[in-house]
>>> print(open('input-v7.cif').read())   # mmCIF, C-alpha atoms and all ligand atoms
data_work
#
loop_
_atom_site.label_atom_id
_atom_site.label_comp_id
_atom_site.auth_asym_id
_atom_site.auth_seq_id
_atom_site.Cartn_x
_atom_site.Cartn_y
_atom_site.Cartn_z
CA MET M 21 -28.52 5.49 0.17
CA THR M 22 -27.48 2.82 -2.29
CA ALA M 23 -23.97 1.43 -2.20
CA ARG M 24 -21.71 -0.17 -4.76
CA TYR M 25 -18.61 -2.20 -4.06
CA HIS M 26 -16.35 -3.46 -6.85
CA ASN M 27 -13.08 -5.35 -6.65
CA PRO M 28 -12.11 -7.62 -9.56
CA VAL M 29 -9.08 -9.32 -7.94
CA ASP M 30 -9.21 -13.12 -7.54
CA THR M 31 -8.07 -13.12 -3.90
CA ARG M 32 -6.62 -16.13 -2.07
CA PHE M 33 -5.69 -16.06 1.59
CA GLY M 34 -4.04 -18.58 3.87
CA TRP M 35 -0.89 -20.04 5.36
CA GLY M 36 1.08 -21.75 2.58
CA SER M 37 -1.17 -20.37 -0.18
CA LEU M 38 1.90 -19.31 -2.22
CA ASP M 39 2.01 -22.93 -3.44
CA GLN M 40 -1.11 -22.17 -5.51
CA LEU M 41 1.15 -20.21 -7.89
CA ALA M 42 2.04 -23.38 -9.75
CA ASP M 43 -1.59 -24.07 -10.72
CA ILE M 44 -2.46 -20.44 -11.34
CA THR M 45 0.38 -19.95 -13.85
CA GLU M 46 -0.04 -23.19 -15.78
CA GLN M 47 0.78 -22.68 -19.50
CA GLN M 48 2.19 -19.19 -18.87
CA THR M 49 5.67 -17.71 -18.98
CA VAL M 50 6.35 -15.47 -16.03
CA ALA M 51 8.73 -12.79 -14.78
CA LEU M 52 9.35 -12.42 -11.06
CA VAL M 53 9.76 -9.08 -9.26
CA THR M 54 10.99 -9.36 -5.71
CA PHE M 55 12.90 -7.62 -2.89
CA PRO M 56 16.69 -7.88 -2.32
CA GLU M 57 16.48 -10.03 0.81
CA ALA M 58 14.32 -12.65 -0.95
CA ARG M 59 17.23 -14.73 -2.26
CA GLY M 60 18.96 -14.93 1.11
CA LEU M 61 15.66 -16.01 2.66
CA GLY M 62 15.41 -18.90 0.19
CA LEU M 63 12.34 -17.38 -1.46
CA VAL M 64 13.80 -17.07 -4.98
CA ASP M 65 14.86 -20.74 -4.91
CA ARG M 66 11.40 -21.74 -3.67
CA LEU M 67 9.73 -19.77 -6.47
CA GLN M 68 12.11 -21.25 -9.04
CA ALA M 69 11.20 -24.74 -7.83
CA LEU M 70 7.46 -23.91 -7.90
CA LEU M 71 7.50 -22.36 -11.36
CA GLY M 72 10.17 -24.41 -13.14
CA GLU M 73 10.69 -23.46 -16.78
CA ARG M 74 7.79 -21.04 -16.69
CA LEU M 75 10.05 -18.57 -14.88
CA VAL M 76 11.94 -16.69 -17.60
CA TYR M 77 13.14 -13.49 -15.90
CA VAL M 78 13.93 -12.34 -12.36
CA ILE M 79 14.22 -8.80 -10.98
CA GLU M 80 15.40 -8.95 -7.39
CA ASP M 81 16.92 -5.55 -6.65
CA VAL M 82 13.74 -3.56 -5.95
CA GLN M 83 14.56 -0.84 -3.40
CA PRO M 84 11.99 0.67 -0.98
CA ASN M 85 9.76 3.33 -2.60
CA PRO M 86 10.14 2.71 -6.36
CA ASP M 87 11.88 5.76 -7.79
CA VAL M 88 12.14 6.83 -11.42
CA ALA M 89 15.94 6.86 -11.00
CA GLN M 90 15.96 3.07 -10.65
CA LEU M 91 12.75 2.21 -12.49
CA ARG M 92 13.90 3.50 -15.87
CA ALA M 93 16.63 0.84 -16.32
CA THR M 94 14.49 -1.89 -14.73
CA TYR M 95 11.56 -1.10 -17.04
CA GLU M 96 13.58 -0.95 -20.24
CA GLY M 97 15.59 -4.08 -19.37
CA PHE M 98 12.34 -5.94 -18.65
CA TRP M 99 10.68 -5.02 -21.96
CA GLN M 100 13.85 -5.76 -23.96
CA GLN M 101 14.61 -9.11 -22.34
CA ALA M 102 11.24 -10.42 -21.17
CA GLY M 103 8.80 -8.44 -23.29
CA SER M 104 7.14 -11.62 -24.53
CA CYS M 105 6.30 -13.14 -21.12
CA ASP M 106 2.61 -13.52 -20.21
CA THR M 107 2.56 -12.59 -16.55
CA VAL M 108 4.50 -10.68 -13.95
CA ILE M 109 4.54 -12.05 -10.41
CA ALA M 110 5.36 -9.61 -7.64
CA VAL M 111 6.45 -11.24 -4.40
CA GLY M 112 7.35 -8.52 -1.94
CA GLY M 113 6.12 -5.46 -0.12
CA GLY M 114 4.35 -2.52 -1.72
CA SER M 115 7.61 -1.48 -3.39
CA ALA M 116 7.87 -4.74 -5.36
CA ILE M 117 4.15 -4.78 -6.18
CA ASP M 118 4.10 -1.14 -7.32
CA THR M 119 7.26 -1.70 -9.38
CA ALA M 120 5.54 -4.63 -11.06
CA LYS M 121 2.47 -2.47 -11.77
CA ALA M 122 4.69 0.03 -13.58
CA LEU M 123 6.47 -2.76 -15.51
CA ILE M 124 3.32 -4.39 -16.87
CA VAL M 125 2.21 -1.19 -18.62
CA GLY M 126 3.95 -1.32 -21.99
CA THR M 127 4.61 1.84 -23.97
CA GLU M 128 4.75 2.04 -27.78
CA SER M 129 8.52 2.69 -27.73
CA GLY M 130 9.37 0.42 -24.79
CA ARG M 131 10.87 3.54 -23.16
CA PHE M 132 10.08 4.39 -19.55
CA ASP M 133 10.09 8.16 -20.20
CA GLU M 134 7.09 7.70 -22.47
CA LEU M 135 5.17 6.22 -19.54
CA LEU M 136 6.39 9.00 -17.25
CA ALA M 137 5.23 11.68 -19.69
CA LEU M 138 1.76 10.08 -19.79
CA LEU M 139 1.65 10.02 -15.98
CA ALA M 140 2.87 13.62 -15.76
CA SER M 141 0.11 14.75 -18.14
CA GLY M 142 -2.43 13.51 -15.58
CA LYS M 143 -4.74 12.48 -18.45
CA PRO M 144 -6.28 9.01 -18.76
CA PHE M 145 -4.68 6.74 -21.36
CA VAL M 146 -4.97 3.21 -22.66
CA PRO M 147 -1.55 1.53 -23.02
CA PRO M 148 -0.85 -0.35 -26.27
CA ARG M 149 0.04 -3.49 -24.26
CA CYS M 150 -0.32 -4.68 -20.69
CA LYS M 151 0.63 -7.91 -18.95
CA GLN M 152 -1.22 -9.81 -16.25
CA LEU M 153 -0.10 -9.25 -12.68
CA ILE M 154 -0.11 -11.71 -9.79
CA ALA M 155 0.69 -10.08 -6.43
CA ALA M 156 1.84 -11.92 -3.31
CA PRO M 157 2.55 -9.41 -0.52
CA THR M 158 5.33 -10.17 1.95
CA THR M 159 4.44 -7.25 4.25
CA ALA M 160 1.06 -6.73 5.97
CA GLY M 161 0.44 -3.14 5.01
CA THR M 162 -0.06 -1.59 1.62
CA GLY M 163 -3.02 -3.58 0.28
CA SER M 164 -1.48 -2.97 -3.16
CA GLU M 165 -2.37 -6.57 -4.07
CA VAL M 166 -6.07 -5.64 -4.18
CA THR M 167 -5.85 -2.09 -5.56
CA PRO M 168 -5.11 -0.73 -9.05
CA TRP M 169 -2.75 2.05 -7.86
CA ALA M 170 1.01 2.31 -7.88
CA THR M 171 2.98 5.12 -6.33
CA ILE M 172 6.07 6.08 -8.31
CA TRP M 173 8.49 8.41 -6.60
CA ASP M 174 10.84 10.99 -8.10
CA SER M 175 12.83 12.01 -5.07
CA ALA M 176 15.32 14.11 -7.08
CA SER M 177 12.47 16.38 -8.26
CA GLN M 178 10.48 16.02 -4.98
CA LYS M 179 7.48 14.60 -6.87
CA LYS M 180 5.32 11.52 -6.89
CA TYR M 181 3.18 10.02 -9.61
CA SER M 182 0.13 7.84 -9.23
CA LEU M 183 -0.33 5.13 -11.83
CA HIS M 184 -3.91 3.88 -12.14
CA LEU M 185 -5.28 1.99 -15.12
CA GLU M 186 -7.93 -0.67 -15.57
CA CYS M 187 -5.12 -3.17 -16.34
CA THR M 188 -3.14 -2.36 -13.16
CA TRP M 189 -5.64 -4.25 -10.99
CA PRO M 190 -3.80 -7.49 -10.18
CA THR M 191 -5.49 -10.51 -11.75
CA VAL M 192 -4.75 -12.64 -8.70
CA ALA M 193 -3.67 -11.78 -5.13
CA ILE M 194 -2.12 -14.47 -2.94
CA ILE M 195 -1.92 -13.43 0.70
CA ASP M 196 0.25 -15.98 2.46
CA PRO M 197 1.09 -14.85 6.02
CA GLN M 198 3.98 -17.32 6.11
CA LEU M 199 5.87 -14.96 3.78
CA MET M 200 5.66 -12.26 6.46
CA LEU M 201 7.43 -14.20 9.23
CA THR M 202 10.80 -12.65 8.33
CA VAL M 203 9.68 -9.00 8.31
CA PRO M 204 11.78 -7.13 10.93
CA GLY M 205 10.08 -5.41 13.88
CA GLY M 206 10.37 -1.83 12.57
CA VAL M 207 8.92 -2.71 9.16
CA THR M 208 6.19 -4.82 10.82
CA VAL M 209 5.08 -1.74 12.79
CA SER M 210 5.33 0.81 9.97
CA THR M 211 3.51 -1.42 7.45
CA GLY M 212 0.83 -2.30 10.03
CA LEU M 213 0.26 1.40 10.61
CA ASP M 214 -0.04 1.95 6.86
CA ALA M 215 -2.92 -0.56 6.94
CA LEU M 216 -4.51 1.24 9.91
CA SER M 217 -4.27 4.47 7.96
CA HIS M 218 -5.93 2.89 4.91
CA ALA M 219 -8.85 1.69 7.01
CA LEU M 220 -9.40 5.05 8.76
CA GLU M 221 -8.91 7.03 5.56
CA SER M 222 -11.59 4.92 3.86
CA ILE M 223 -14.04 5.92 6.62
CA TRP M 224 -13.49 9.72 6.67
CA ASN M 225 -13.83 9.69 2.93
CA ILE M 226 -16.42 11.19 0.57
CA ASN M 227 -16.45 7.85 -1.32
CA ALA M 228 -17.19 5.71 1.78
CA ASN M 229 -20.23 3.47 2.00
CA PRO M 230 -21.53 0.74 4.34
CA LEU M 231 -19.70 -1.95 2.37
CA SER M 232 -16.26 -0.32 2.52
CA ASP M 233 -17.01 0.49 6.20
CA THR M 234 -17.53 -3.20 6.97
CA PHE M 235 -13.99 -4.01 5.87
CA ALA M 236 -12.54 -0.88 7.48
CA VAL M 237 -14.06 -1.30 10.97
CA SER M 238 -13.03 -4.93 11.13
CA ALA M 239 -9.47 -4.06 10.02
CA ILE M 240 -9.12 -1.29 12.62
CA GLU M 241 -10.31 -3.51 15.48
CA ASP M 242 -7.84 -6.23 14.48
CA ILE M 243 -4.89 -3.85 14.08
CA LEU M 244 -5.47 -2.02 17.38
CA GLU M 245 -5.47 -5.37 19.17
CA CYS M 246 -2.89 -7.31 17.17
CA LEU M 247 -0.08 -4.99 16.18
CA PRO M 248 1.30 -4.35 19.72
CA LEU M 249 1.15 -8.10 20.42
CA LEU M 250 2.85 -8.98 17.13
CA ARG M 251 5.62 -6.47 17.74
CA ARG M 252 6.54 -8.43 20.87
CA ASP M 253 6.12 -11.84 19.25
CA LEU M 254 7.26 -11.56 15.61
CA ALA M 255 7.37 -15.35 15.16
CA SER M 256 3.70 -15.88 16.04
CA GLN M 257 1.88 -17.58 13.17
CA GLU M 258 -1.49 -16.61 14.60
CA LEU M 259 -0.64 -12.91 14.91
CA ARG M 260 1.06 -12.78 11.49
CA SER M 261 -2.10 -14.31 10.01
CA ARG M 262 -4.40 -11.86 11.78
CA MET M 263 -2.34 -8.85 10.67
CA ALA M 264 -2.16 -10.18 7.10
CA LEU M 265 -5.95 -10.47 7.06
CA ALA M 266 -6.37 -7.03 8.65
CA ALA M 267 -4.13 -5.41 6.01
CA LEU M 268 -6.09 -7.22 3.29
CA LYS M 269 -9.40 -5.95 4.73
CA ALA M 270 -8.00 -2.41 4.90
CA GLY M 271 -6.90 -2.80 1.27
CA MET M 272 -10.39 -3.98 0.30
CA ALA M 273 -11.86 -0.94 2.06
CA PHE M 274 -9.72 1.72 0.40
CA SER M 275 -9.71 -0.06 -2.98
CA ASN M 276 -13.18 1.46 -3.33
CA THR M 277 -12.69 4.84 -1.66
CA LYS M 278 -9.02 5.79 -2.25
CA THR M 279 -7.09 7.40 0.59
CA ALA M 280 -7.59 10.89 2.03
CA LEU M 281 -5.93 13.62 4.08
CA ALA M 282 -3.42 11.62 6.13
CA HIS M 283 -1.95 10.18 2.93
CA SER M 284 -1.95 13.54 1.22
CA ILE M 285 0.11 14.92 4.13
CA SER M 286 2.34 11.84 4.11
CA TYR M 287 3.67 12.43 0.58
CA GLU M 288 5.22 15.75 1.65
CA MET M 289 6.60 14.18 4.83
CA THR M 290 8.26 11.38 2.83
CA LEU M 291 9.63 13.62 0.07
CA ARG M 292 10.77 16.50 2.30
CA TYR M 293 11.56 14.80 5.61
CA GLY M 294 12.37 11.25 4.47
CA LEU M 295 9.80 9.58 6.74
CA PRO M 296 8.99 5.91 5.92
CA HIS M 297 5.57 5.65 4.29
CA GLY M 298 3.84 3.82 7.17
CA ILE M 299 4.94 6.38 9.76
CA ALA M 300 4.30 9.34 7.46
CA CYS M 301 0.69 8.31 6.86
CA SER M 302 -0.12 7.38 10.46
CA PHE M 303 1.45 9.92 12.82
CA THR M 304 -1.27 12.45 11.91
CA LEU M 305 -4.18 10.04 12.42
CA PRO M 306 -5.22 11.51 15.84
CA LEU M 307 -5.12 15.02 14.33
CA VAL M 308 -7.08 13.99 11.22
CA LEU M 309 -9.63 12.14 13.38
CA GLY M 310 -10.30 15.49 15.09
CA LEU M 311 -10.68 17.24 11.72
CA ALA M 312 -13.05 14.53 10.45
CA TRP M 313 -15.36 14.44 13.47
CA GLY M 314 -18.68 16.31 13.22
CA HIS M 315 -18.90 16.74 9.43
CA ASP M 316 -21.16 13.88 8.49
CA GLU M 317 -23.53 11.92 10.71
CA ALA M 318 -23.01 8.59 8.95
CA ARG M 319 -19.20 8.92 9.08
CA ASP M 320 -19.34 9.90 12.77
CA LYS M 321 -21.45 6.81 13.51
CA THR M 322 -18.91 4.54 11.84
CA LEU M 323 -15.98 6.14 13.68
CA GLN M 324 -17.93 5.88 16.95
CA ARG M 325 -18.43 2.14 16.42
CA VAL M 326 -14.68 1.83 16.90
CA PHE M 327 -13.80 4.70 19.23
CA GLY M 328 -16.97 5.51 21.24
CA ASN M 329 -18.78 8.87 21.39
CA ASP M 330 -16.17 11.12 22.94
CA LEU M 331 -13.74 12.69 20.47
CA GLN M 332 -11.09 13.55 23.07
CA ILE M 333 -11.06 10.01 24.43
CA ALA M 334 -10.92 8.68 20.87
CA GLN M 335 -7.94 10.88 19.97
CA THR M 336 -6.15 10.00 23.19
CA ARG M 337 -6.66 6.30 22.52
CA LEU M 338 -5.20 6.62 19.03
CA ARG M 339 -2.30 8.78 20.28
CA GLU M 340 -1.48 6.33 23.08
CA PHE M 341 -1.68 3.42 20.65
CA LEU M 342 0.91 5.08 18.39
CA HIS M 343 3.12 6.05 21.34
CA SER M 344 3.01 2.44 22.57
CA LEU M 345 4.61 1.52 19.23
CA ASP M 346 7.23 4.27 19.67
CA VAL M 347 5.67 6.43 16.97
CA LYS M 348 5.63 10.14 17.77
CA THR M 349 2.42 11.94 16.87
CA GLU M 350 3.25 15.65 16.55
CA PHE M 351 4.71 17.54 13.58
CA ALA M 352 7.27 19.13 15.92
CA ASP M 353 8.62 15.66 16.70
CA TYR M 354 9.69 15.45 13.05
CA GLY M 355 11.23 18.93 12.89
CA VAL M 356 8.20 20.71 11.33
CA ASN M 357 7.28 23.96 13.08
CA ALA M 358 3.65 24.96 13.75
CA SER M 359 3.23 27.35 10.84
CA ASP M 360 4.86 24.96 8.33
CA ALA M 361 2.62 22.19 9.67
CA GLN M 362 -0.51 24.25 9.21
CA GLN M 363 0.53 25.16 5.66
CA MET M 364 1.25 21.53 4.91
CA VAL M 365 -2.21 20.44 6.12
CA GLU M 366 -3.92 23.17 4.08
CA PHE M 367 -1.89 22.27 0.99
CA ALA M 368 -2.63 18.56 1.50
CA MET M 369 -6.40 19.27 1.67
CA GLN M 370 -6.19 20.55 -1.92
CA GLY M 371 -4.28 17.52 -3.21
CA ALA M 372 -6.05 14.77 -5.18
CA ARG M 373 -6.28 12.52 -2.09
CA GLY M 374 -6.95 15.43 0.28
CA LYS M 375 -10.10 16.27 -1.66
CA ASN M 376 -11.49 12.84 -0.70
CA PHE M 377 -11.42 13.91 2.96
CA ILE M 378 -14.88 14.75 4.33
CA GLY M 379 -13.46 17.79 6.16
CA SER M 380 -11.98 19.32 2.98
CA ARG M 381 -15.35 20.61 1.82
CA ALA M 382 -15.66 22.72 4.95
CA ALA M 383 -12.04 23.95 4.90
N1 LIG M 401 -0.35 0.75 -4.43
C1 LIG M 401 -0.90 1.01 -3.25
O1 LIG M 401 -2.12 0.94 -3.12
C2 LIG M 401 0.01 1.38 -2.12
C3 LIG M 401 -0.52 1.59 -0.83
C4 LIG M 401 0.36 1.91 0.19
C5 LIG M 401 1.73 2.03 -0.06
N2 LIG M 401 2.21 1.84 -1.31
C6 LIG M 401 3.65 1.96 -1.62
O2 LIG M 401 4.30 0.80 -1.11
C7 LIG M 401 5.64 1.11 -0.79
C8 LIG M 401 5.95 0.61 0.60
O3 LIG M 401 5.69 -0.77 0.68
P1 LIG M 401 5.90 -1.56 2.06
O4 LIG M 401 5.49 -0.68 3.16
O5 LIG M 401 5.26 -2.89 1.91
O6 LIG M 401 7.48 -1.69 2.19
P2 LIG M 401 8.61 -2.18 1.15
O7 LIG M 401 8.04 -3.01 0.08
O8 LIG M 401 9.40 -0.97 0.75
O9 LIG M 401 9.48 -3.10 2.11
C9 LIG M 401 10.11 -2.54 3.25
C10 LIG M 401 11.43 -3.25 3.51
O10 LIG M 401 11.17 -4.57 3.95
C11 LIG M 401 11.85 -5.50 3.13
N3 LIG M 401 10.98 -6.68 3.10
C12 LIG M 401 9.79 -6.82 2.46
N4 LIG M 401 9.25 -8.02 2.73
C13 LIG M 401 10.11 -8.66 3.57
C14 LIG M 401 10.11 -9.94 4.19
N5 LIG M 401 9.10 -10.81 4.04
N6 LIG M 401 11.15 -10.27 4.98
C15 LIG M 401 12.18 -9.39 5.17
N7 LIG M 401 12.24 -8.18 4.61
C16 LIG M 401 11.21 -7.81 3.81
C17 LIG M 401 12.06 -4.79 1.80
O11 LIG M 401 13.16 -5.25 1.06
C18 LIG M 401 12.29 -3.36 2.27
O12 LIG M 401 13.63 -3.16 2.64
C19 LIG M 401 5.79 2.62 -0.92
O13 LIG M 401 6.43 2.93 -2.15
C20 LIG M 401 4.36 3.11 -0.94
O14 LIG M 401 4.21 4.30 -1.69
C21 LIG M 401 1.37 1.51 -2.33
#
>>> encode(input="input-v7.cif", output="structure tokens")
Amino acid sequence: MTARYHNPVDTRFGWGSLDQLADITEQQTVALVTFPEARGLGLVDRLQALLGERLVYVIEDVQPNPDVAQLRATYEGFWQQAGSCDTVIAVGGGSAIDTAKALIVGTESGRFDELLALLASGKPFVPPRCKQLIAAPTTAGTGSEVTPWATIWDSASQKKYSLHLECTWPTVAIIDPQLMLTVPGGVTVSTGLDALSHALESIWNINANPLSDTFAVSAIEDILECLPLLRRDLASQELRSRMALAALKAGMAFSNTKTALAHSISYEMTLRYGLPHGIACSFTLPLVLGLAWGHDEARDKTLQRVFGNDLQIAQTRLREFLHSLDVKTEFADYGVNASDAQQMVEFAMQGARGKNFIGSRAA
């Protein structure tokens, strides 16, 4: 087989690397998108000092899981008040980065509903204007800093939209593990499991290849070893750095394959049962591993590099790993009965991400 790997993001990694922002944004005017705790943590002041007069607009009330209910006002306020800025800088978790991805895509009218209608149509489009995006993640999880996708939620209508344009690839990603030191234990675990899910989903994926596998296998090995240690030692610089790198590698892996069945299931679990994203896309991993096994020799070989040759042992290891982090692994644990669970899995197989799953062809 021949393989192709493409990721256009200028990616910088390292403790303290946020300071590079000053050089990267020279001669630009910038808007900052960040999470509500950032000011109390001194991060907004630090960014103001780094950027000086270049910083012309700040959005700091981004809530978890960007929802159309909040995005509409944020989007329209941004284009009215900061529509002439050059660059948007997202400093936060996936919610801040995905919010910024939605903001940079300018519609003709400056109205958010115009963007929503384009997303709802599901058809490709080229926006009339788009700003540059710099992404600095403060959680080790989503990989959104090295992917072009943004998930936009509409919880009132129980829907989600996926934004994906050529211009929604960040121009620059700055992965500074120091920014992650303040992430609480629960969020550290759920975001770390999101990264584990990205890496596994990129392996049991019809778009996988040896290059994406290289990132994925390395990410999985790091996460299985590091996440339980980090949970007990949240102040460890070494473990924060290793998890930040693992989440980046997982992001690199699925930036070329997209996600698959576990994510397709997760959207229903988040919309209908309110599960946080990282838990929703990881509690089914042992189940999905079982559904993936035996469909494709090359995929099996990659999975066996991590888990060995015995499926039952592999599933048990993954289950015990999740239990050790206090994550329950059965649908029933989340109030979903067996027949609803089966329906949900079948429905998820037919979703856009579910169709990437190697087992979907046989289902
Ligand atoms: N675009 C992609 O490729 C992609 C991939 C996976 C997930 N996502 C999306 O990302 C979102 C979830 O992102 P997330 O898991 O990073 O969580 P998040 O951004 O929602 O953050 C979780 C919580 O932690 C807080 N927080 C973030 N950084 C912190 C820090 N350094 N210190 C203290 N608190 C901090 C936030 O304010 C929030 O309350 C979801 O909307 C999901 O759909 C996108």
>>> closest_atom_pairs(input="input-v7.cif", of="segment 308-354 of chain M", to="segment 282-300 of chain M", cutoff="8 Å", atoms="only C-alpha atoms", output="Markdown table")
| residue | atom | partner | partner_atom | distance |
| --- | --- | --- | --- | --- |
| M:Val308 | CA | M:Ala282 | CA | 6.7 |
| M:Val347 | CA | M:Ile299 | CA | 7.2 |
| M:Tyr354 | CA | M:Tyr293 | CA | 7.7 |
>>> residues_around(input="input-v7.cif", residues="Glu350 of chain M", least_positions_apart="2", cutoff="8 Å", atoms="all atoms listed in the file", output="VMD selection string")
chain M and resid 303 to 304 348 352 to 354
>>> closest_residue(input="input-v7.cif", among="M:Ala93, M:Ala368, M:Val78, M:Val88", to="ligand LIG 401 (chain M)", atoms="all atoms listed in the file")
M:Val88
>>> residues_near_ligand(input="input-v7.cif", ligand="ligand LIG 401 (chain M)", cutoff="6 Å", atoms="all atoms listed in the file", output="JSON, numbers by chain")
{"M": [55, 56, 57, 84, 85, 86, 112, 113, 114, 115, 116, 118, 158, 159, 161, 162, 163, 164, 167, 169, 170, 171, 199, 200, 202, 203, 207, 211, 297]}
>>> atom_distance(input="input-v7.cif", atom1="atom CA of Leu331 of chain M", atom2="atom CA of Ala236 of chain M")
18.8 Å
>>> residues_near_point(input="input-v7.cif", point="(11.1, -7.4, -15.9)", cutoff="7 Å", atoms="only C-alpha atoms", output="list in words")
Ala51, Val53, Tyr77, Val78, Ile79, Thr94, Tyr95, Gly97, Phe98, Trp99, Ala102 and Leu123 of chain M
>>> residues_near_point(input="input-v7.cif", point="(7.2, 9.6, -9.7)", cutoff="10 Å", atoms="only C-alpha atoms", output="list of chain:residue names")
M:Asn85, M:Pro86, M:Asp87, M:Val88, M:Ala89, M:Leu91, M:Leu136, M:Leu139, M:Ala140, M:Ala170, M:Thr171, M:Ile172, M:Trp173, M:Asp174, M:Ser175, M:Ala176, M:Ser177, M:Gln178, M:Lys179, M:Lys180, M:Tyr181, M:Ser182, M:Leu183
>>> closest_residue(input="input-v7.cif", among="M:Thr45, M:Ser129, M:Thr279, M:Ser380", to="Ser217 of chain M", atoms="all atoms listed in the file")
M:Thr279
>>> closest_residue(input="input-v7.cif", among="M:Met272, M:Gln363, M:Asp233, M:Met263", to="Lys321 of chain M", atoms="all atoms listed in the file")
M:Asp233
>>> closest_residue(input="input-v7.cif", among="M:Ser344, M:Asn276, M:Thr336, M:Thr208", to="Ala23 of chain M", atoms="all atoms listed in the file")
M:Asn276
>>> residues_around(input="input-v7.cif", residues="Trp313 of chain M", least_positions_apart="6", cutoff="10 Å", atoms="only C-alpha atoms", output="VMD selection string")
chain M and resid 224 319 to 321 323 to 324 331 378 to 379
>>> atom_distance(input="input-v7.cif", atom1="atom CA of Leu249 of chain M", atom2="atom CA of Leu345 of chain M")
10.3 Å
>>> atom_distance(input="input-v7.cif", atom1="atom CA of Thr277 of chain M", atom2="atom CA of Arg373 of chain M")
10.0 Å
>>> residues_around(input="input-v7.cif", residues="Ala215 of chain M", least_positions_apart="2", cutoff="6 Å", atoms="only C-alpha atoms", output="compact mmCIF listing (two decimals) with C-alpha atoms, keeping the file's coordinate frame")
# COMPACT_ATOMS: atom_id res chain seq x y z
CA GLY M 161 0.44 -3.14 5.01
CA GLY M 212 0.83 -2.30 10.03
CA LEU M 213 0.26 1.40 10.61
CA SER M 217 -4.27 4.47 7.96
CA HIS M 218 -5.93 2.89 4.91
CA ALA M 267 -4.13 -5.41 6.01
CA ALA M 270 -8.00 -2.41 4.90
>>> closest_residue(input="input-v7.cif", among="M:Ala156, M:Ala280, M:Ala361, M:Val209", to="Asn227 of chain M", atoms="all atoms listed in the file")
M:Ala280
>>> closest_residue(input="input-v7.cif", among="M:Arg339, M:Arg325, M:Phe235, M:Cys105", to="Gly310 of chain M", atoms="all atoms listed in the file")
M:Arg339
>>> residues_around(input="input-v7.cif", residues="Val29 of chain M", least_positions_apart="5", cutoff="9 Å", atoms="all atoms listed in the file", output="list of chain:residue names")
M:Glu165, M:Val166, M:Thr167, M:Trp189, M:Pro190, M:Thr191, M:Val192, M:Ala193
>>> residues_around(input="input-v7.cif", residues="Trp35 of chain M", least_positions_apart="2", cutoff="9 Å", atoms="all atoms listed in the file", output="compact mmCIF listing (two decimals) with C-alpha atoms, in the coordinates of the input")
# COMPACT_ATOMS: atom_id res chain seq x y z
CA PHE M 33 -5.69 -16.06 1.59
CA SER M 37 -1.17 -20.37 -0.18
CA LEU M 38 1.90 -19.31 -2.22
CA ILE M 195 -1.92 -13.43 0.70
CA ASP M 196 0.25 -15.98 2.46
CA PRO M 197 1.09 -14.85 6.02
CA GLN M 198 3.98 -17.32 6.11
CA LEU M 199 5.87 -14.96 3.78
CA GLN M 257 1.88 -17.58 13.17
CA SER M 261 -2.10 -14.31 10.01
>>> build_atoms(input="input-v7.cif", residues="segment 369-379 of chain M", atoms="N, CA and C atoms", output="JSON list (two decimals), in the coordinates of the input")
[["chain", "number", "residue", "atom", "x", "y", "z"],
["M", 369, "MET", "N", -4.94, 19.31, 1.88],
["M", 369, "MET", "CA", -6.40, 19.27, 1.67],
["M", 369, "MET", "C", -6.75, 19.48, 0.20],
["M", 370, "GLN", "N", -5.90, 20.24, -0.51],
["M", 370, "GLN", "CA", -6.19, 20.55, -1.92],
["M", 370, "GLN", "C", -5.62, 19.51, -2.88],
["M", 371, "GLY", "N", -4.84, 18.57, -2.36],
["M", 371, "GLY", "CA", -4.28, 17.52, -3.21],
["M", 371, "GLY", "C", -5.38, 16.55, -3.64],
["M", 372, "ALA", "N", -5.04, 15.70, -4.65],
["M", 372, "ALA", "CA", -6.05, 14.77, -5.18],
["M", 372, "ALA", "C", -6.63, 13.90, -4.06],
["M", 373, "ARG", "N", -5.79, 13.37, -3.18],
["M", 373, "ARG", "CA", -6.28, 12.52, -2.09],
["M", 373, "ARG", "C", -6.94, 13.36, -1.00],
["M", 374, "GLY", "N", -6.38, 14.54, -0.76],
["M", 374, "GLY", "CA", -6.95, 15.43, 0.28],
["M", 374, "GLY", "C", -8.40, 15.79, -0.02],
["M", 375, "LYS", "N", -8.72, 15.90, -1.30],
["M", 375, "LYS", "CA", -10.10, 16.27, -1.66],
["M", 375, "LYS", "C", -11.09, 15.15, -1.34],
["M", 376, "ASN", "N", -10.60, 13.93, -1.12],
["M", 376, "ASN", "CA", -11.49, 12.84, -0.70],
["M", 376, "ASN", "C", -11.89, 12.96, 0.77],
["M", 377, "PHE", "N", -11.20, 13.80, 1.51],
["M", 377, "PHE", "CA", -11.42, 13.91, 2.96],
["M", 377, "PHE", "C", -12.73, 14.67, 3.22],
["M", 378, "ILE", "N", -13.57, 14.12, 4.10],
["M", 378, "ILE", "CA", -14.88, 14.75, 4.33],
["M", 378, "ILE", "C", -14.75, 16.16, 4.89],
["M", 379, "GLY", "N", -13.63, 16.45, 5.59],
["M", 379, "GLY", "CA", -13.46, 17.79, 6.16],
["M", 379, "GLY", "C", -12.98, 18.81, 5.14]]
